[in-house]
>>> print(open('run.pdb').read())   # PDB, C-alpha atoms
ATOM      1  CA  MET A 543      -9.953-196.772 -33.298
ATOM      2  CA  LEU A 544      -9.801-194.682 -36.461
ATOM      3  CA  LYS A 545     -12.395-192.291 -35.074
ATOM      4  CA  ARG A 546     -10.317-191.623 -31.925
ATOM      5  CA  THR A 547      -7.208-190.963 -33.994
ATOM      6  CA  ARG A 548      -9.076-188.501 -36.180
ATOM      7  CA  TRP A 549     -10.349-186.632 -33.073
ATOM      8  CA  GLY A 550      -6.836-186.645 -31.614
ATOM      9  CA  LEU A 551      -5.408-185.165 -34.811
ATOM     10  CA  THR A 552      -8.188-182.567 -34.947
ATOM     11  CA  PHE A 553      -7.503-181.574 -31.330
ATOM     12  CA  LEU A 554      -3.768-181.320 -32.065
ATOM     13  CA  ALA A 555      -4.376-179.143 -35.149
ATOM     14  CA  VAL A 556      -6.743-176.806 -33.251
ATOM     15  CA  THR A 557      -4.323-176.539 -30.310
ATOM     16  CA  THR A 558      -1.399-175.759 -32.619
ATOM     17  CA  THR A 559      -3.436-173.096 -34.440
ATOM     18  CA  VAL A 560      -4.496-171.448 -31.179
ATOM     19  CA  LEU A 561      -0.967-171.476 -29.758
ATOM     20  CA  THR A 562       0.524-169.884 -32.861
ATOM     21  CA  ALA A 563      -2.215-167.241 -32.926
ATOM     22  CA  VAL A 564      -1.562-166.081 -29.352
ATOM     23  CA  PRO A 565       0.225-162.707 -29.480
ATOM     24  CA  ASP A 566       3.599-162.219 -27.809
ATOM     25  CA  THR A 567       3.658-161.105 -24.217
ATOM     26  CA  PRO A 568       5.184-157.657 -23.629
ATOM     27  CA  ALA A 569       8.328-159.259 -22.155
ATOM     28  CA  THR A 570       8.924-161.302 -25.320
ATOM     29  CA  ALA A 571       8.275-158.350 -27.580
ATOM     30  CA  ASP A 572      10.748-156.210 -25.596
ATOM     31  CA  ALA A 573      13.390-158.914 -25.761
ATOM     32  CA  ALA A 574      13.357-159.390 -29.521
ATOM     33  CA  PRO A 575      16.081-157.398 -31.266
ATOM     34  CA  SER A 576      14.222-157.531 -34.588
ATOM     35  CA  GLY A 577      12.481-154.180 -34.222
ATOM     36  CA  THR A 578      15.558-151.972 -33.852
ATOM     37  CA  GLY A 579      17.232-152.513 -37.221
ATOM     38  CA  GLU A 580      20.551-152.807 -35.398
ATOM     39  CA  THR A 581      23.053-155.633 -35.910
ATOM     40  CA  TYR A 582      24.308-157.330 -32.730
ATOM     41  CA  THR A 583      27.332-159.498 -32.051
ATOM     42  CA  VAL A 584      27.339-161.849 -29.082
ATOM     43  CA  THR A 585      30.262-164.005 -27.950
ATOM     44  CA  LEU A 586      28.836-167.077 -26.251
ATOM     45  CA  LEU A 587      30.310-168.744 -23.172
ATOM     46  CA  THR A 588      31.883-171.290 -25.545
ATOM     47  CA  GLY A 589      33.719-168.624 -27.575
ATOM     48  CA  ASP A 590      31.464-168.963 -30.608
ATOM     49  CA  VAL A 591      30.608-165.536 -32.064
ATOM     50  CA  VAL A 592      27.012-164.963 -33.175
ATOM     51  CA  THR A 593      25.888-162.051 -35.352
ATOM     52  CA  VAL A 594      22.177-161.219 -35.393
ATOM     53  CA  ARG A 595      20.686-158.936 -38.029
ATOM     54  CA  PRO A 596      16.964-158.082 -38.108
ATOM     55  CA  THR A 597      15.115-159.042 -41.278
ATOM     56  CA  GLY A 598      11.787-157.371 -40.595
ATOM     57  CA  GLY A 599      10.197-160.754 -39.874
ATOM     58  CA  ARG A 600       9.765-162.646 -36.642
ATOM     59  CA  CYS A 601      13.188-164.333 -36.858
ATOM     60  CA  PRO A 602      16.367-162.383 -37.614
ATOM     61  CA  ALA A 603      19.232-163.506 -39.870
ATOM     62  CA  VAL A 604      21.925-165.279 -37.862
ATOM     63  CA  SER A 605      25.520-166.068 -38.728
ATOM     64  CA  VAL A 606      27.959-167.907 -36.486
ATOM     65  CA  GLU A 607      31.737-167.928 -36.377
ATOM     66  CA  PRO A 608      32.547-171.194 -34.579
ATOM     67  CA  ALA A 609      35.257-171.163 -31.907
ATOM     68  CA  GLU A 610      36.597-174.414 -33.343
ATOM     69  CA  PRO A 611      37.338-174.985 -37.010
ATOM     70  CA  ASN A 612      34.578-177.113 -38.527
ATOM     71  CA  GLY A 613      32.520-176.683 -35.339
ATOM     72  CA  VAL A 614      28.929-177.803 -35.697
ATOM     73  CA  ILE A 615      26.408-175.253 -34.483
ATOM     74  CA  ARG A 616      22.663-175.727 -34.050
ATOM     75  CA  ARG A 617      20.672-172.550 -34.668
ATOM     76  CA  SER A 618      16.972-172.200 -34.052
ATOM     77  CA  CYS A 619      14.336-169.522 -33.848
ATOM     78  CA  GLY A 620      11.432-170.476 -31.643
ATOM     79  CA  PRO A 621       7.793-169.462 -31.904
ATOM     80  CA  ASP A 622       8.626-166.739 -29.359
ATOM     81  CA  GLY A 623      11.094-165.211 -31.870
ATOM     82  CA  HIS A 624      14.067-166.066 -29.666
ATOM     83  CA  VAL A 625      17.237-167.133 -31.447
ATOM     84  CA  ARG A 626      19.077-169.981 -29.753
ATOM     85  CA  VAL A 627      22.571-171.035 -30.824
ATOM     86  CA  ILE A 628      24.033-174.218 -29.312
ATOM     87  CA  PRO A 629      27.433-175.618 -30.290
ATOM     88  CA  ALA A 630      27.307-179.413 -30.775
ATOM     89  CA  ARG A 631      30.291-179.952 -28.463
ATOM     90  CA  VAL A 632      28.262-178.726 -25.441
ATOM     91  CA  ALA A 633      24.731-179.678 -26.545
ATOM     92  CA  ALA A 634      24.620-182.690 -24.204
ATOM     93  CA  GLN A 635      25.385-180.440 -21.199
ATOM     94  CA  VAL A 636      22.761-177.777 -22.009
ATOM     95  CA  GLY A 637      19.949-178.162 -19.506
ATOM     96  CA  THR A 638      21.919-180.487 -17.231
ATOM     97  CA  VAL A 639      25.149-178.587 -16.519
ATOM     98  CA  LEU A 640      24.774-175.440 -18.613
ATOM     99  CA  ASP A 641      21.808-173.085 -18.284
ATOM    100  CA  PRO A 642      19.916-172.876 -21.618
ATOM    101  CA  ALA A 643      19.754-169.076 -21.104
ATOM    102  CA  LEU A 644      23.503-168.969 -21.870
ATOM    103  CA  PHE A 645      22.600-169.819 -25.487
ATOM    104  CA  ASP A 646      19.420-167.729 -25.888
ATOM    105  CA  VAL A 647      20.991-164.992 -27.996
ATOM    106  CA  THR A 648      17.832-162.850 -28.029
ATOM    107  CA  ALA A 649      17.690-162.785 -24.210
ATOM    108  CA  LEU A 650      21.439-162.101 -23.975
ATOM    109  CA  ILE A 651      21.005-159.059 -26.232
ATOM    110  CA  ALA A 652      17.934-157.864 -24.299
ATOM    111  CA  ASP A 653      19.876-158.144 -21.017
ATOM    112  CA  GLY A 654      22.765-156.114 -22.442
ATOM    113  CA  TYR A 655      25.238-158.997 -22.771
ATOM    114  CA  ASP A 656      26.072-158.369 -26.437
ATOM    115  CA  ASP A 657      29.713-157.550 -27.269
ATOM    116  CA  ALA A 658      29.105-153.808 -27.765
ATOM    117  CA  ARG A 659      27.809-153.359 -24.213
ATOM    118  CA  THR A 660      29.877-155.768 -22.132
ATOM    119  CA  GLN A 661      33.078-157.767 -22.316
ATOM    120  CA  GLU A 662      31.975-160.323 -19.706
ATOM    121  CA  ILE A 663      29.271-162.916 -19.191
ATOM    122  CA  PRO A 664      28.058-162.990 -15.575
ATOM    123  CA  VAL A 665      27.542-166.532 -14.297
ATOM    124  CA  ILE A 666      26.718-168.409 -11.119
ATOM    125  CA  VAL A 667      28.635-171.660 -10.762
ATOM    126  CA  ARG A 668      28.118-174.585  -8.409
ATOM    127  CA  PRO A 669      31.502-176.324  -8.294
ATOM    128  CA  ALA A 670      31.607-180.106  -8.560
ATOM    129  CA  GLY A 671      32.814-181.541  -5.251
ATOM    130  CA  GLN A 672      35.807-179.622  -3.907
ATOM    131  CA  ALA A 673      36.810-178.202  -7.287
ATOM    132  CA  ARG A 674      37.929-174.584  -7.476
ATOM    133  CA  VAL A 675      36.534-172.429 -10.225
ATOM    134  CA  ALA A 676      39.747-170.637 -11.124
ATOM    135  CA  ALA A 677      38.655-169.663 -14.628
ATOM    136  CA  LEU A 678      36.241-166.952 -13.456
ATOM    137  CA  ALA A 679      37.067-163.294 -12.885
ATOM    138  CA  GLY A 680      35.635-161.303  -9.954
ATOM    139  CA  VAL A 681      34.584-164.365  -7.955
ATOM    140  CA  ARG A 682      32.188-163.852  -5.021
ATOM    141  CA  ALA A 683      31.131-166.670  -2.712
ATOM    142  CA  LEU A 684      27.439-167.490  -2.460
ATOM    143  CA  PRO A 685      27.507-169.870   0.523
ATOM    144  CA  SER A 686      23.729-169.975   0.941
ATOM    145  CA  ILE A 687      23.445-171.895  -2.339
ATOM    146  CA  GLY A 688      26.894-173.533  -2.324
ATOM    147  CA  SER A 689      27.981-171.601  -5.386
ATOM    148  CA  VAL A 690      30.101-168.689  -6.573
ATOM    149  CA  ALA A 691      29.303-165.757  -8.827
ATOM    150  CA  GLY A 692      31.796-164.387 -11.307
ATOM    151  CA  HIS A 693      32.384-163.308 -14.863
ATOM    152  CA  VAL A 694      33.636-165.116 -17.932
ATOM    153  CA  PRO A 695      35.780-162.673 -19.914
ATOM    154  CA  LYS A 696      34.824-162.712 -23.590
ATOM    155  CA  LYS A 697      37.173-160.084 -24.963
ATOM    156  CA  LYS A 698      38.761-162.798 -27.070
ATOM    157  CA  ALA A 699      36.722-165.769 -28.247
ATOM    158  CA  ALA A 700      39.635-168.151 -27.547
ATOM    159  CA  ALA A 701      39.770-167.019 -23.892
ATOM    160  CA  ALA A 702      36.015-167.571 -23.484
ATOM    161  CA  LYS A 703      36.387-171.042 -25.009
ATOM    162  CA  ARG A 704      39.185-171.978 -22.546
ATOM    163  CA  THR A 705      37.120-170.688 -19.634
ATOM    164  CA  ALA A 706      34.102-172.724 -20.763
ATOM    165  CA  GLN A 707      36.233-175.879 -21.003
ATOM    166  CA  SER A 708      37.489-175.275 -17.463
ATOM    167  CA  LEU A 709      33.955-174.673 -16.172
ATOM    168  CA  LEU A 710      32.688-177.875 -17.769
ATOM    169  CA  ALA A 711      35.485-179.795 -16.061
ATOM    170  CA  ASP A 712      35.028-178.183 -12.627
ATOM    171  CA  ALA A 713      31.335-177.308 -12.371
ATOM    172  CA  GLU A 714      28.236-179.214 -11.406
ATOM    173  CA  LYS A 715      26.012-176.420 -12.752
ATOM    174  CA  VAL A 716      26.548-173.085 -14.577
ATOM    175  CA  TRP A 717      23.746-170.501 -14.753
ATOM    176  CA  LEU A 718      23.567-167.159 -16.497
ATOM    177  CA  ASP A 719      23.424-164.493 -13.776
ATOM    178  CA  ARG A 720      20.534-162.706 -15.442
ATOM    179  CA  ARG A 721      19.556-159.117 -14.896
ATOM    180  CA  VAL A 722      16.526-158.646 -12.715
ATOM    181  CA  ARG A 723      13.848-156.169 -13.653
ATOM    182  CA  ALA A 724      11.717-154.925 -10.801
ATOM    183  CA  THR A 725       8.037-154.469 -11.394
ATOM    184  CA  SER A 726       5.453-152.899  -9.170
ATOM    185  CA  LEU A 727       1.913-153.900  -8.425
ATOM    186  CA  PRO A 728      -0.803-151.294  -8.667
ATOM    187  CA  ALA A 729      -1.860-149.862  -5.311
ATOM    188  CA  THR A 730      -5.145-151.276  -4.115
TER     189      THR A 730
END
>>> encode(input="run.pdb", output="structure tokens")
Amino acid sequence: MLKRTRWGLTFLAVTTTVLTAVPDTPATADAAPSGTGETYTVTLLTGDVVTVRPTGGRCPAVSVEPAEPNGVIRRSCGPDGHVRVIPARVAAQVGTVLDPALFDVTALIADGYDDARTQEIPVIVRPAGQARVAALAGVRALPSIGSVAGHVPKKKAAAAKRTAQSLLADAEKVWLDRRVRATSLPAT
């Protein structure tokens, strides 16, 4: 049994080494704000304000101003260099109700959803039952998927926080309405 365990650990160590040695894909490298030297501020759907400052390394320096006094915030920087900031009060809903992309600060910056470039977070919401999603601005029906598209205003962190609370009460699912980048295939 000891021999099998040793082989399993060796396989795990080799796999981990190979995975960490794989270079970033062009999409990941484009998304990382660390190369620009610019500081970004992003107001999350929850009203928490995240500031990202490049450090010259893979992961930038991150500071968070919680929307709630004494709010607990989980910050992480993955092997892809993406900074993720998840407030503890919504952590249980991330992945089930809330799209994890709403908390991927690096992707939000790459898509132009930082505070300097937009005052809204575009979302797609599937209401729970017959609930109305009154908290959104610019609502458009998406009947083919039983959802609506709209924007969460983030001009003031407190307003974003109230909107998020309303969405959590009235929504079955909330996705970030991400920007789409068209690519072309080479002519054959």
>>> resolve_selection(input="run.pdb", expression="the PyMOL selection byres ((chain A and resi 588) around 7)", output="list in words")
Leu586, Leu587, Gly589, Asp590, Ala702, Lys703 and Ala706 of chain A
>>> residues_around(input="run.pdb", residues="Ala658 of chain A", least_positions_apart="4", cutoff="10 Å", atoms="all atoms listed in the file", output="MDAnalysis selection string")
chainID A and resid 582:584 651 654
>>> residues_around(input="run.pdb", residues="Gly688 of chain A", least_positions_apart="5", cutoff="9 Å", atoms="only C-alpha atoms", output="NGL selection string")
:A and (667-669 or 683)
>>> closest_residue(input="run.pdb", among="A:Ser618, A:Gln635, A:Thr585, A:Asn612", to="Glu714 of chain A", atoms="all atoms listed in the file")
A:Gln635
>>> closest_residue(input="run.pdb", among="A:Gly671, A:Pro695, A:Pro664, A:Gly620", to="Asp719 of chain A", atoms="all atoms listed in the file")
A:Pro664
>>> closest_residue(input="run.pdb", among="A:Lys715, A:Arg617, A:His693, A:His624", to="Val665 of chain A", atoms="all atoms listed in the file")
A:His693
>>> closest_residue(input="run.pdb", among="A:Cys619, A:Ala691, A:Ala679, A:Val614", to="Val632 of chain A", atoms="all atoms listed in the file")
A:Val614
>>> resolve_selection(input="run.pdb", expression="the PyMOL selection byres ((chain A and resi 677) around 9)", output="compact mmCIF listing (two decimals) with C-alpha atoms, in the frame of the given file")
# COMPACT_ATOMS: atom_id res chain seq x y z
CA ARG A 674 37.93 -174.58 -7.48
CA VAL A 675 36.53 -172.43 -10.22
CA ALA A 676 39.75 -170.64 -11.12
CA LEU A 678 36.24 -166.95 -13.46
CA ALA A 679 37.07 -163.29 -12.88
CA HIS A 693 32.38 -163.31 -14.86
CA VAL A 694 33.64 -165.12 -17.93
CA ARG A 704 39.18 -171.98 -22.55
CA THR A 705 37.12 -170.69 -19.63
CA ALA A 706 34.10 -172.72 -20.76
CA SER A 708 37.49 -175.28 -17.46
CA LEU A 709 33.96 -174.67 -16.17
>>> atom_distance(input="run.pdb", atom1="atom CA of Arg721 of chain A", atom2="atom CA of Arg659 of chain A")
13.7 Å
>>> closest_residue(input="run.pdb", among="A:Lys697, A:Asp653, A:Leu710, A:Ile666", to="Ala634 of chain A", atoms="all atoms listed in the file")
A:Leu710
>>> closest_residue(input="run.pdb", among="A:Ala713, A:Ile615, A:Glu610, A:Pro629", to="Ser689 of chain A", atoms="only C-alpha atoms")
A:Ala713
>>> residues_around(input="run.pdb", residues="Pro608 of chain A", least_positions_apart="3", cutoff="7 Å", atoms="only C-alpha atoms", output="ChimeraX atom specification")
/A:590-591,611,613
>>> write_last_selection(input="run.pdb", atoms="C-alpha atoms", output="JSON list (two decimals), keeping the file's coordinate frame")
[["chain", "number", "residue", "atom", "x", "y", "z"],
["A", 590, "ASP", "CA", 31.46, -168.96, -30.61],
["A", 591, "VAL", "CA", 30.61, -165.54, -32.06],
["A", 611, "PRO", "CA", 37.34, -174.98, -37.01],
["A", 613, "GLY", "CA", 32.52, -176.68, -35.34]]
>>> atom_distance(input="run.pdb", atom1="atom CA of Val639 of chain A", atom2="atom CA of Ala603 of chain A")
28.4 Å
>>> residues_around(input="run.pdb", residues="Val594 of chain A", least_positions_apart="5", cutoff="9 Å", atoms="all atoms listed in the file", output="JSON, numbers by chain")
{"A": [575, 576, 580, 581, 582, 583, 584, 602, 603, 604, 605, 606, 625, 647, 648]}
